[in-house]
file target.pdb (PDB, C-alpha atoms and all ligand atoms)
ATOM      1  CA  PRO A   1       0.000   0.000   0.000  1.00  0.00           C
ATOM      2  CA  ILE A   2       1.112   3.516  -0.814  1.00  0.00           C
ATOM      3  CA  LEU A   3       1.266   4.557   2.852  1.00  0.00           C
ATOM      4  CA  ASP A   4       4.010   1.996   3.498  1.00  0.00           C
ATOM      5  CA  ARG A   5       6.232   3.510   0.847  1.00  0.00           C
ATOM      6  CA  PRO A   6       9.159   5.652   1.863  1.00  0.00           C
ATOM      7  CA  PRO A   7       8.777   9.348   1.035  1.00  0.00           C
ATOM      8  CA  PHE A   8      10.058  10.124  -2.455  1.00  0.00           C
ATOM      9  CA  ALA A   9      13.653  11.256  -1.902  1.00  0.00           C
ATOM     10  CA  LEU A  10      14.403  12.539  -5.446  1.00  0.00           C
ATOM     11  CA  THR A  11      13.106  15.485  -7.410  1.00  0.00           C
ATOM     12  CA  LEU A  12      13.865  17.521 -10.519  1.00  0.00           C
ATOM     13  CA  GLY A  13      14.696  21.179 -10.089  1.00  0.00           C
ATOM     14  CA  LEU A  14      15.335  23.811 -12.733  1.00  0.00           C
ATOM     15  CA  ILE A  15      17.126  27.124 -12.430  1.00  0.00           C
ATOM     16  CA  LYS A  16      15.381  28.872 -15.310  1.00  0.00           C
ATOM     17  CA  PRO A  17      17.163  30.989 -17.979  1.00  0.00           C
ATOM     18  CA  ASP A  18      16.754  34.477 -16.453  1.00  0.00           C
ATOM     19  CA  LEU A  19      18.352  33.409 -13.180  1.00  0.00           C
ATOM     20  CA  TYR A  20      20.898  31.048 -14.725  1.00  0.00           C
ATOM     21  CA  ALA A  21      22.263  34.012 -16.725  1.00  0.00           C
ATOM     22  CA  ASP A  22      23.249  35.729 -13.452  1.00  0.00           C
ATOM     23  CA  PRO A  23      26.341  34.016 -11.952  1.00  0.00           C
ATOM     24  CA  ASN A  24      26.058  35.834  -8.614  1.00  0.00           C
ATOM     25  CA  ALA A  25      22.467  34.729  -8.183  1.00  0.00           C
ATOM     26  CA  VAL A  26      23.333  31.141  -9.155  1.00  0.00           C
ATOM     27  CA  HIS A  27      26.127  31.167  -6.586  1.00  0.00           C
ATOM     28  CA  ALA A  28      23.698  32.398  -3.917  1.00  0.00           C
ATOM     29  CA  VAL A  29      21.228  29.637  -4.805  1.00  0.00           C
ATOM     30  CA  PHE A  30      23.894  26.926  -4.503  1.00  0.00           C
ATOM     31  CA  GLU A  31      24.957  28.359  -1.136  1.00  0.00           C
ATOM     32  CA  ARG A  32      21.355  28.074   0.018  1.00  0.00           C
ATOM     33  CA  LEU A  33      21.166  24.471  -1.236  1.00  0.00           C
ATOM     34  CA  ARG A  34      24.302  23.565   0.675  1.00  0.00           C
ATOM     35  CA  ARG A  35      23.037  25.254   3.817  1.00  0.00           C
ATOM     36  CA  ASP A  36      19.696  23.411   3.558  1.00  0.00           C
ATOM     37  CA  GLN A  37      21.535  20.097   3.024  1.00  0.00           C
ATOM     38  CA  TRP A  38      20.416  19.400  -0.512  1.00  0.00           C
ATOM     39  CA  GLU A  39      22.438  16.895  -2.473  1.00  0.00           C
ATOM     40  CA  VAL A  40      22.821  17.860  -6.146  1.00  0.00           C
ATOM     41  CA  VAL A  41      23.247  14.375  -7.633  1.00  0.00           C
ATOM     42  CA  ARG A  42      23.451  15.546 -11.263  1.00  0.00           C
ATOM     43  CA  GLN A  43      23.483  18.947 -12.845  1.00  0.00           C
ATOM     44  CA  ARG A  44      23.559  19.859 -16.506  1.00  0.00           C
ATOM     45  CA  GLU A  45      23.242  22.959 -18.612  1.00  0.00           C
ATOM     46  CA  VAL A  46      20.423  22.713 -21.136  1.00  0.00           C
ATOM     47  CA  LEU A  47      19.410  24.848 -24.103  1.00  0.00           C
ATOM     48  CA  PHE A  48      15.823  24.203 -25.207  1.00  0.00           C
ATOM     49  CA  GLN A  49      14.530  24.477 -28.748  1.00  0.00           C
ATOM     50  CA  PRO A  50      10.807  25.341 -28.875  1.00  0.00           C
ATOM     51  CA  ARG A  51       9.870  21.691 -29.467  1.00  0.00           C
ATOM     52  CA  ASP A  52      11.796  20.653 -26.316  1.00  0.00           C
ATOM     53  CA  ALA A  53       9.952  23.228 -24.206  1.00  0.00           C
ATOM     54  CA  GLY A  54       6.654  22.069 -25.745  1.00  0.00           C
ATOM     55  CA  ALA A  55       7.453  18.455 -24.841  1.00  0.00           C
ATOM     56  CA  PHE A  56       8.517  19.251 -21.282  1.00  0.00           C
ATOM     57  CA  TYR A  57       5.462  21.462 -20.699  1.00  0.00           C
ATOM     58  CA  ALA A  58       3.012  19.369 -22.778  1.00  0.00           C
ATOM     59  CA  GLU A  59       0.414  19.552 -19.980  1.00  0.00           C
ATOM     60  CA  HIS A  60       0.234  23.347 -20.439  1.00  0.00           C
ATOM     61  CA  GLN A  61      -0.420  23.320 -24.210  1.00  0.00           C
ATOM     62  CA  GLY A  62      -3.430  25.528 -24.907  1.00  0.00           C
ATOM     63  CA  ARG A  63      -3.096  27.581 -21.705  1.00  0.00           C
ATOM     64  CA  PHE A  64      -3.010  31.365 -22.180  1.00  0.00           C
ATOM     65  CA  PHE A  65       0.574  31.572 -20.941  1.00  0.00           C
ATOM     66  CA  PHE A  66       1.948  28.692 -23.041  1.00  0.00           C
ATOM     67  CA  ASP A  67       3.653  30.764 -25.775  1.00  0.00           C
ATOM     68  CA  ARG A  68       5.104  33.068 -23.142  1.00  0.00           C
ATOM     69  CA  LEU A  69       6.373  30.050 -21.213  1.00  0.00           C
ATOM     70  CA  VAL A  70       8.007  28.521 -24.325  1.00  0.00           C
ATOM     71  CA  GLY A  71       9.570  31.890 -25.197  1.00  0.00           C
ATOM     72  CA  TYR A  72      10.955  32.177 -21.672  1.00  0.00           C
ATOM     73  CA  MET A  73      12.314  28.633 -21.510  1.00  0.00           C
ATOM     74  CA  THR A  74      14.038  28.991 -24.915  1.00  0.00           C
ATOM     75  CA  SER A  75      15.511  32.430 -24.134  1.00  0.00           C
ATOM     76  CA  GLY A  76      18.858  30.991 -23.020  1.00  0.00           C
ATOM     77  CA  PRO A  77      20.559  28.092 -21.260  1.00  0.00           C
ATOM     78  CA  PHE A  78      19.278  26.902 -17.902  1.00  0.00           C
ATOM     79  CA  SER A  79      20.276  24.393 -15.258  1.00  0.00           C
ATOM     80  CA  ALA A  80      18.582  21.032 -14.703  1.00  0.00           C
ATOM     81  CA  MET A  81      19.297  19.326 -11.372  1.00  0.00           C
ATOM     82  CA  LEU A  82      18.581  15.868 -10.029  1.00  0.00           C
ATOM     83  CA  LEU A  83      18.142  16.630  -6.335  1.00  0.00           C
ATOM     84  CA  ARG A  84      18.153  14.260  -3.375  1.00  0.00           C
ATOM     85  CA  ARG A  85      17.306  14.622   0.293  1.00  0.00           C
ATOM     86  CA  PRO A  86      19.874  12.608   2.225  1.00  0.00           C
ATOM     87  CA  ASP A  87      17.342  12.142   5.056  1.00  0.00           C
ATOM     88  CA  PRO A  88      15.204   9.132   4.014  1.00  0.00           C
ATOM     89  CA  ASN A  89      12.301  10.408   6.107  1.00  0.00           C
ATOM     90  CA  LYS A  90      11.966  13.624   4.134  1.00  0.00           C
ATOM     91  CA  ASP A  91      10.054  13.984   0.906  1.00  0.00           C
ATOM     92  CA  ALA A  92      12.227  15.820  -1.629  1.00  0.00           C
ATOM     93  CA  ILE A  93       9.312  16.913  -3.826  1.00  0.00           C
ATOM     94  CA  THR A  94       7.446  18.780  -1.085  1.00  0.00           C
ATOM     95  CA  ALA A  95      10.634  20.118   0.485  1.00  0.00           C
ATOM     96  CA  TRP A  96      11.914  21.539  -2.826  1.00  0.00           C
ATOM     97  CA  ARG A  97       8.570  23.131  -3.700  1.00  0.00           C
ATOM     98  CA  ALA A  98       8.467  24.659  -0.222  1.00  0.00           C
ATOM     99  CA  LEU A  99      11.953  26.082  -0.736  1.00  0.00           C
ATOM    100  CA  ILE A 100      11.144  27.618  -4.133  1.00  0.00           C
ATOM    101  CA  GLY A 101       7.751  28.913  -2.952  1.00  0.00           C
ATOM    102  CA  PRO A 102       4.502  29.796  -4.753  1.00  0.00           C
ATOM    103  CA  THR A 103       4.377  30.011  -8.584  1.00  0.00           C
ATOM    104  CA  HIS A 104       3.739  33.756  -8.594  1.00  0.00           C
ATOM    105  CA  PRO A 105       6.661  35.745  -7.131  1.00  0.00           C
ATOM    106  CA  VAL A 106       4.479  38.564  -5.764  1.00  0.00           C
ATOM    107  CA  ARG A 107       2.426  36.001  -3.855  1.00  0.00           C
ATOM    108  CA  ALA A 108       5.694  34.401  -2.732  1.00  0.00           C
ATOM    109  CA  GLN A 109       6.917  37.754  -1.389  1.00  0.00           C
ATOM    110  CA  VAL A 110       3.750  38.154   0.655  1.00  0.00           C
ATOM    111  CA  ASN A 111       3.231  34.579   1.874  1.00  0.00           C
ATOM    112  CA  GLN A 112       6.720  33.036   1.847  1.00  0.00           C
ATOM    113  CA  PRO A 113       9.312  35.794   1.941  1.00  0.00           C
ATOM    114  CA  GLN A 114      12.130  33.300   2.660  1.00  0.00           C
ATOM    115  CA  SER A 115      11.434  31.341  -0.533  1.00  0.00           C
ATOM    116  CA  LEU A 116      13.664  31.425  -3.605  1.00  0.00           C
ATOM    117  CA  ARG A 117      10.947  32.772  -5.890  1.00  0.00           C
ATOM    118  CA  ALA A 118      10.292  35.608  -3.427  1.00  0.00           C
ATOM    119  CA  GLU A 119      13.956  36.524  -3.598  1.00  0.00           C
ATOM    120  CA  PHE A 120      14.686  35.941  -7.295  1.00  0.00           C
ATOM    121  CA  GLY A 121      11.418  35.609  -9.247  1.00  0.00           C
ATOM    122  CA  LEU A 122      10.475  38.423 -11.617  1.00  0.00           C
ATOM    123  CA  THR A 123       6.968  37.807 -12.994  1.00  0.00           C
ATOM    124  CA  ASP A 124       4.251  35.119 -13.081  1.00  0.00           C
ATOM    125  CA  THR A 125       6.026  33.480 -16.024  1.00  0.00           C
ATOM    126  CA  ARG A 126       9.617  34.451 -15.243  1.00  0.00           C
ATOM    127  CA  ASN A 127       9.572  32.817 -11.818  1.00  0.00           C
ATOM    128  CA  SER A 128      13.149  31.470 -12.024  1.00  0.00           C
ATOM    129  CA  PHE A 129      12.582  27.921 -10.672  1.00  0.00           C
ATOM    130  CA  HIS A 130      10.788  24.690 -11.341  1.00  0.00           C
ATOM    131  CA  GLY A 131      10.084  21.705  -9.122  1.00  0.00           C
ATOM    132  CA  SER A 132       8.303  18.425  -9.859  1.00  0.00           C
ATOM    133  CA  ASP A 133       4.913  18.117  -8.179  1.00  0.00           C
ATOM    134  CA  ALA A 134       4.484  14.346  -7.515  1.00  0.00           C
ATOM    135  CA  PRO A 135       6.529  11.114  -7.589  1.00  0.00           C
ATOM    136  CA  GLU A 136       5.242  10.194 -11.071  1.00  0.00           C
ATOM    137  CA  THR A 137       6.082  13.622 -12.486  1.00  0.00           C
ATOM    138  CA  ALA A 138       9.460  13.638 -10.738  1.00  0.00           C
ATOM    139  CA  ALA A 139      10.312  10.288 -12.346  1.00  0.00           C
ATOM    140  CA  ARG A 140       9.176  11.518 -15.777  1.00  0.00           C
ATOM    141  CA  GLU A 141      10.999  14.844 -15.478  1.00  0.00           C
ATOM    142  CA  ILE A 142      14.243  13.352 -14.110  1.00  0.00           C
ATOM    143  CA  ASN A 143      14.177  10.878 -16.993  1.00  0.00           C
ATOM    144  CA  PHE A 144      13.534  13.738 -19.438  1.00  0.00           C
ATOM    145  CA  PHE A 145      16.832  15.419 -18.539  1.00  0.00           C
ATOM    146  CA  PHE A 146      18.825  12.418 -17.262  1.00  0.00           C
ATOM    147  CA  PRO A 147      17.548   9.466 -19.314  1.00  0.00           C
ATOM    148  CA  GLN A 148      17.845   6.104 -17.574  1.00  0.00           C
ATOM    149  CA  ASP A 149      20.095   7.577 -14.916  1.00  0.00           C
ATOM    150  CA  PRO A 150      21.118   4.720 -12.602  1.00  0.00           C
ATOM    151  CA  VAL A 151      20.313   6.801  -9.514  1.00  0.00           C
ATOM    152  CA  LEU A 152      16.698   7.118 -10.691  1.00  0.00           C
ATOM    153  CA  VAL A 153      16.420   3.533 -11.958  1.00  0.00           C
ATOM    154  CA  GLU A 154      17.725   2.040  -8.703  1.00  0.00           C
ATOM    155  CA  TYR A 155      15.669   4.371  -6.569  1.00  0.00           C
ATOM    156  CA  LEU A 156      12.435   3.547  -8.425  1.00  0.00           C
ATOM    157  CA  ALA A 157      13.059  -0.195  -8.066  1.00  0.00           C
ATOM    158  CA  HIS A 158      13.567   0.262  -4.319  1.00  0.00           C
ATOM    159  CA  TRP A 159      10.620   2.647  -3.899  1.00  0.00           C
ATOM    160  CA  ARG A 160       8.154   0.550  -5.917  1.00  0.00           C
ATOM    161  CA  GLY A 161       9.360  -2.566  -4.126  1.00  0.00           C
ATOM    162  CA  ALA A 162       8.196  -1.023  -0.863  1.00  0.00           C
ATOM    163  CA  ASP A 163       4.558  -1.979  -1.409  1.00  0.00           C
TER
HETATM  164  P1  LIG B   1       6.462  24.731 -12.058  1.00  0.00           P
HETATM  165  O1  LIG B   1       5.640  23.620 -12.666  1.00  0.00           O
HETATM  166  O2  LIG B   1       7.344  25.454 -13.051  1.00  0.00           O
HETATM  167  O3  LIG B   1       7.191  24.372 -10.791  1.00  0.00           O
HETATM  168  O4  LIG B   1       5.500  25.843 -11.593  1.00  0.00           O
HETATM  169  P2  LIG B   1       4.127  25.661 -10.932  1.00  0.00           P
HETATM  170  O5  LIG B   1       3.704  24.240 -10.815  1.00  0.00           O
HETATM  171  O6  LIG B   1       4.249  26.483  -9.714  1.00  0.00           O
HETATM  172  O7  LIG B   1       3.267  26.398 -12.032  1.00  0.00           O
HETATM  173  P3  LIG B   1       2.436  25.793 -13.255  1.00  0.00           P
HETATM  174  O8  LIG B   1       1.043  26.205 -13.089  1.00  0.00           O
HETATM  175  O9  LIG B   1       2.750  24.336 -13.437  1.00  0.00           O
HETATM  176  O10 LIG B   1       3.045  26.619 -14.461  1.00  0.00           O
HETATM  177  C1  LIG B   1       4.231  26.218 -15.104  1.00  0.00           C
HETATM  178  C2  LIG B   1       5.051  27.435 -15.421  1.00  0.00           C
HETATM  179  O11 LIG B   1       4.369  28.262 -16.375  1.00  0.00           O
HETATM  180  C3  LIG B   1       4.674  29.627 -16.126  1.00  0.00           C
HETATM  181  N1  LIG B   1       3.430  30.369 -15.858  1.00  0.00           N
HETATM  182  N2  LIG B   1       3.202  31.564 -16.326  1.00  0.00           N
HETATM  183  N3  LIG B   1       0.224  33.507 -15.552  1.00  0.00           N
HETATM  184  C4  LIG B   1       1.376  33.240 -16.165  1.00  0.00           C
HETATM  185  O12 LIG B   1       1.910  34.001 -16.914  1.00  0.00           O
HETATM  186  C5  LIG B   1       1.996  31.941 -15.875  1.00  0.00           C
HETATM  187  N4  LIG B   1       1.480  30.971 -15.122  1.00  0.00           N
HETATM  188  C6  LIG B   1       2.399  29.977 -15.108  1.00  0.00           C
HETATM  189  C7  LIG B   1       5.581  29.682 -14.916  1.00  0.00           C
HETATM  190  O13 LIG B   1       6.927  29.732 -15.395  1.00  0.00           O
HETATM  191  C8  LIG B   1       5.285  28.355 -14.219  1.00  0.00           C
HETATM  192  O14 LIG B   1       6.357  27.940 -13.405  1.00  0.00           O
HETATM  193 MG    MG B   2       3.746  22.731 -12.423  1.00  0.00          MG
END
call {"tool": "encode", "arguments": {"input": "target.pdb", "output": "structure tokens"}}
result
Amino acid sequence: PILDRPPFALTLGLIKPDLYADPNAVHAVFERLRRDQWEVVRQREVLFQPRDAGAFYAEHQGRFFFDRLVGYMTSGPFSAMLLRRPDPNKDAITAWRALIGPTHPVRAQVNQPQSLRAEFGLTDTRNSFHGSDAPETAAREINFFFPQDPVLVEYLAHWRGAD
């Protein structure tokens, strides 16, 4: 049963193009990750073509902000990270989304001023970070950027085996 499973310890984080273009900001983000005991298992620089952004954000096709989102995500290189919580009792997906904060930076500034989007986000679209929202999406998104990575493959076998 799902309740007997360990919390999902992996997630996929993005440092989006606007922020990735600013080395001082990127440095500050990695300092924060170290301080909060995140393990960056893999990290790669990615440059999206429009079709890549459309594939990654397929669920948003047809939304009013889709073209803006594709334009943003193809505006320059960004960083994709396979993140792990070393503490097996902590859920990486929830913890990472809590750290980055609400989608809309203005809301983040009001409700979660310590969050990364409150500090670095610019607009509703240019919100500087991404985080997977569930174990299934984390697995899909990690595999999107790090296909068949052994860390993901082994973790999924262990996690699924827990039922
Ligand atoms: P994400 O998936 O990137 O972590 O963000 P989220 O769940 O907080 O937000 P979601 O609704 O999934 O939207 C995906 C990304 O689309 C852009 N967006 N722009 N009103 C707008 O202009 C708007 N709304 C969303 C953001 O870049 C958001 O992260
Ligand atoms: Mg989302």
call {"tool": "residues_near_point", "arguments": {"input": "target.pdb", "point": "(20.6, 18.6, 2.2)", "cutoff": "10 Å", "atoms": "only C-alpha atoms", "output": "count of residues only"}}
result
15
call {"tool": "closest_residue", "arguments": {"input": "target.pdb", "among": "A:Phe120, A:Val29, A:Asp18, A:Arg5", "to": "His158 in chain A", "atoms": "all atoms listed in the file"}}
result
A:Arg5
call {"tool": "resolve_selection", "arguments": {"input": "target.pdb", "expression": "the PyMOL selection byres (((chain A and resi 53) around 10) and not hetatm)", "output": "tab-separated table (two decimals) with C-alpha atoms, keeping the file's coordinate frame"}}
result
chain	number	residue	atom	x	y	z
A	47	LEU	CA	19.41	24.85	-24.10
A	48	PHE	CA	15.82	24.20	-25.21
A	49	GLN	CA	14.53	24.48	-28.75
A	50	PRO	CA	10.81	25.34	-28.88
A	51	ARG	CA	9.87	21.69	-29.47
A	52	ASP	CA	11.80	20.65	-26.32
A	54	GLY	CA	6.65	22.07	-25.74
A	55	ALA	CA	7.45	18.45	-24.84
A	56	PHE	CA	8.52	19.25	-21.28
A	57	TYR	CA	5.46	21.46	-20.70
A	58	ALA	CA	3.01	19.37	-22.78
A	66	PHE	CA	1.95	28.69	-23.04
A	67	ASP	CA	3.65	30.76	-25.78
A	69	LEU	CA	6.37	30.05	-21.21
A	70	VAL	CA	8.01	28.52	-24.32
A	71	GLY	CA	9.57	31.89	-25.20
A	72	TYR	CA	10.96	32.18	-21.67
A	73	MET	CA	12.31	28.63	-21.51
A	74	THR	CA	14.04	28.99	-24.92
call {"tool": "residues_near_ligand", "arguments": {"input": "target.pdb", "ligand": "ligand MG 2 (chain B)", "cutoff": "9 Å", "atoms": "only C-alpha atoms and all ligand atoms", "output": "JSON, numbers by chain"}}
result
{"A": [57, 59, 60, 103, 130, 131, 132, 133]}
call {"tool": "write_last_selection", "arguments": {"input": "target.pdb", "atoms": "C-alpha atoms", "output": "compact mmCIF listing (two decimals), keeping the file's coordinate frame"}}
result
# COMPACT_ATOMS: atom_id res chain seq x y z
CA TYR A 57 5.46 21.46 -20.70
CA GLU A 59 0.41 19.55 -19.98
CA HIS A 60 0.23 23.35 -20.44
CA THR A 103 4.38 30.01 -8.58
CA HIS A 130 10.79 24.69 -11.34
CA GLY A 131 10.08 21.70 -9.12
CA SER A 132 8.30 18.42 -9.86
CA ASP A 133 4.91 18.12 -8.18
call {"tool": "residues_around", "arguments": {"input": "target.pdb", "residues": "Arg117 in chain A", "least_positions_apart": "5", "cutoff": "9 Å", "atoms": "only C-alpha atoms", "output": "count of residues only"}}
result
15
call {"tool": "residues_around", "arguments": {"input": "target.pdb", "residues": "Met81 in chain A", "least_positions_apart": "4", "cutoff": "6 Å", "atoms": "only C-alpha atoms", "output": "ChimeraX atom specification"}}
result
/A:12-13,42-43
call {"tool": "residues_around", "arguments": {"input": "target.pdb", "residues": "Arg160 in chain A", "least_positions_apart": "2", "cutoff": "12 Å", "atoms": "only C-alpha atoms", "output": "ChimeraX atom specification"}}
result
/A:1-8,135-136,139,152-158,162-163
call {"tool": "atom_distance", "arguments": {"input": "target.pdb", "atom1": "CA of Gln61 in chain A", "atom2": "atom C1 of ligand LIG 1 (chain B)"}}
result
10.6 Å
call {"tool": "axis_aligned_box", "arguments": {"input": "target.pdb", "around": "ligand LIG 1 (chain B)", "padding_each_side": "6 Å", "output": "lines of an AutoDock Vina configuration file"}}
result
center_x = 3.8
center_y = 28.8
center_z = -13.3
size_x = 19.1
size_y = 22.4
size_z = 19.2
call {"tool": "atom_distance", "arguments": {"input": "target.pdb", "atom1": "CA of Thr11 in chain A", "atom2": "CA of Thr137 in chain A"}}
result
8.9 Å
call {"tool": "closest_residue", "arguments": {"input": "target.pdb", "among": "A:Asp91, A:Glu119, A:Glu31, A:Asp149", "to": "Ala134 in chain A", "atoms": "only C-alpha atoms"}}
result
A:Asp91
call {"tool": "atom_distance", "arguments": {"input": "target.pdb", "atom1": "CA of Tyr20 in chain A", "atom2": "CA of Gly121 in chain A"}}
result
11.9 Å
call {"tool": "build_atoms", "arguments": {"input": "target.pdb", "residues": "range 69-86 of chain A", "atoms": "N, CA and C atoms", "output": "mmCIF file, in the coordinates of the input"}}
result
data_model
loop_
_atom_site.group_PDB
_atom_site.id
_atom_site.type_symbol
_atom_site.label_atom_id
_atom_site.label_comp_id
_atom_site.auth_asym_id
_atom_site.auth_seq_id
_atom_site.Cartn_x
_atom_site.Cartn_y
_atom_site.Cartn_z
ATOM 1 N N LEU A 69 5.550 31.024 -21.935
ATOM 2 C CA LEU A 69 6.373 30.050 -21.213
ATOM 3 C C LEU A 69 7.440 29.455 -22.132
ATOM 4 N N VAL A 70 7.050 29.088 -23.362
ATOM 5 C CA VAL A 70 8.007 28.521 -24.325
ATOM 6 C C VAL A 70 9.061 29.565 -24.694
ATOM 7 N N GLY A 71 8.625 30.812 -24.900
ATOM 8 C CA GLY A 71 9.570 31.890 -25.197
ATOM 9 C C GLY A 71 10.586 32.083 -24.077
ATOM 10 N N TYR A 72 10.093 32.032 -22.857
ATOM 11 C CA TYR A 72 10.955 32.177 -21.672
ATOM 12 C C TYR A 72 11.954 31.025 -21.586
ATOM 13 N N MET A 73 11.455 29.806 -21.715
ATOM 14 C CA MET A 73 12.314 28.633 -21.510
ATOM 15 C C MET A 73 13.279 28.392 -22.668
ATOM 16 N N THR A 74 13.085 29.095 -23.800
ATOM 17 C CA THR A 74 14.038 28.991 -24.915
ATOM 18 C C THR A 74 14.902 30.255 -25.024
ATOM 19 N N SER A 75 14.814 31.145 -24.035
ATOM 20 C CA SER A 75 15.511 32.430 -24.134
ATOM 21 C C SER A 75 17.002 32.316 -23.830
ATOM 22 N N GLY A 76 17.443 31.183 -23.322
ATOM 23 C CA GLY A 76 18.858 30.991 -23.020
ATOM 24 C C GLY A 76 19.045 29.695 -22.277
ATOM 25 N N PRO A 77 20.305 29.338 -21.984
ATOM 26 C CA PRO A 77 20.559 28.092 -21.260
ATOM 27 C C PRO A 77 20.015 28.160 -19.836
ATOM 28 N N PHE A 78 19.725 26.993 -19.302
ATOM 29 C CA PHE A 78 19.278 26.902 -17.902
ATOM 30 C C PHE A 78 19.903 25.670 -17.278
ATOM 31 N N SER A 79 19.685 25.512 -15.981
ATOM 32 C CA SER A 79 20.276 24.393 -15.258
ATOM 33 C C SER A 79 19.204 23.396 -14.850
ATOM 34 N N ALA A 80 19.453 22.119 -15.170
ATOM 35 C CA ALA A 80 18.582 21.032 -14.703
ATOM 36 C C ALA A 80 19.338 20.256 -13.629
ATOM 37 N N MET A 81 18.652 19.995 -12.510
ATOM 38 C CA MET A 81 19.297 19.326 -11.372
ATOM 39 C C MET A 81 18.481 18.131 -10.908
ATOM 40 N N LEU A 82 19.157 17.021 -10.729
ATOM 41 C CA LEU A 82 18.581 15.868 -10.029
ATOM 42 C C LEU A 82 18.950 16.037 -8.568
ATOM 43 N N LEU A 83 17.936 16.285 -7.742
ATOM 44 C CA LEU A 83 18.142 16.630 -6.335
ATOM 45 C C LEU A 83 17.729 15.480 -5.439
ATOM 46 N N ARG A 84 18.477 15.320 -4.335
ATOM 47 C CA ARG A 84 18.153 14.260 -3.375
ATOM 48 C C ARG A 84 18.204 14.816 -1.957
ATOM 49 N N ARG A 85 17.243 14.364 -1.147
ATOM 50 C CA ARG A 85 17.306 14.622 0.293
ATOM 51 C C ARG A 85 18.036 13.458 0.925
ATOM 52 N N PRO A 86 19.153 13.706 1.587
ATOM 53 C CA PRO A 86 19.874 12.608 2.225
ATOM 54 C C PRO A 86 19.051 11.936 3.327
#
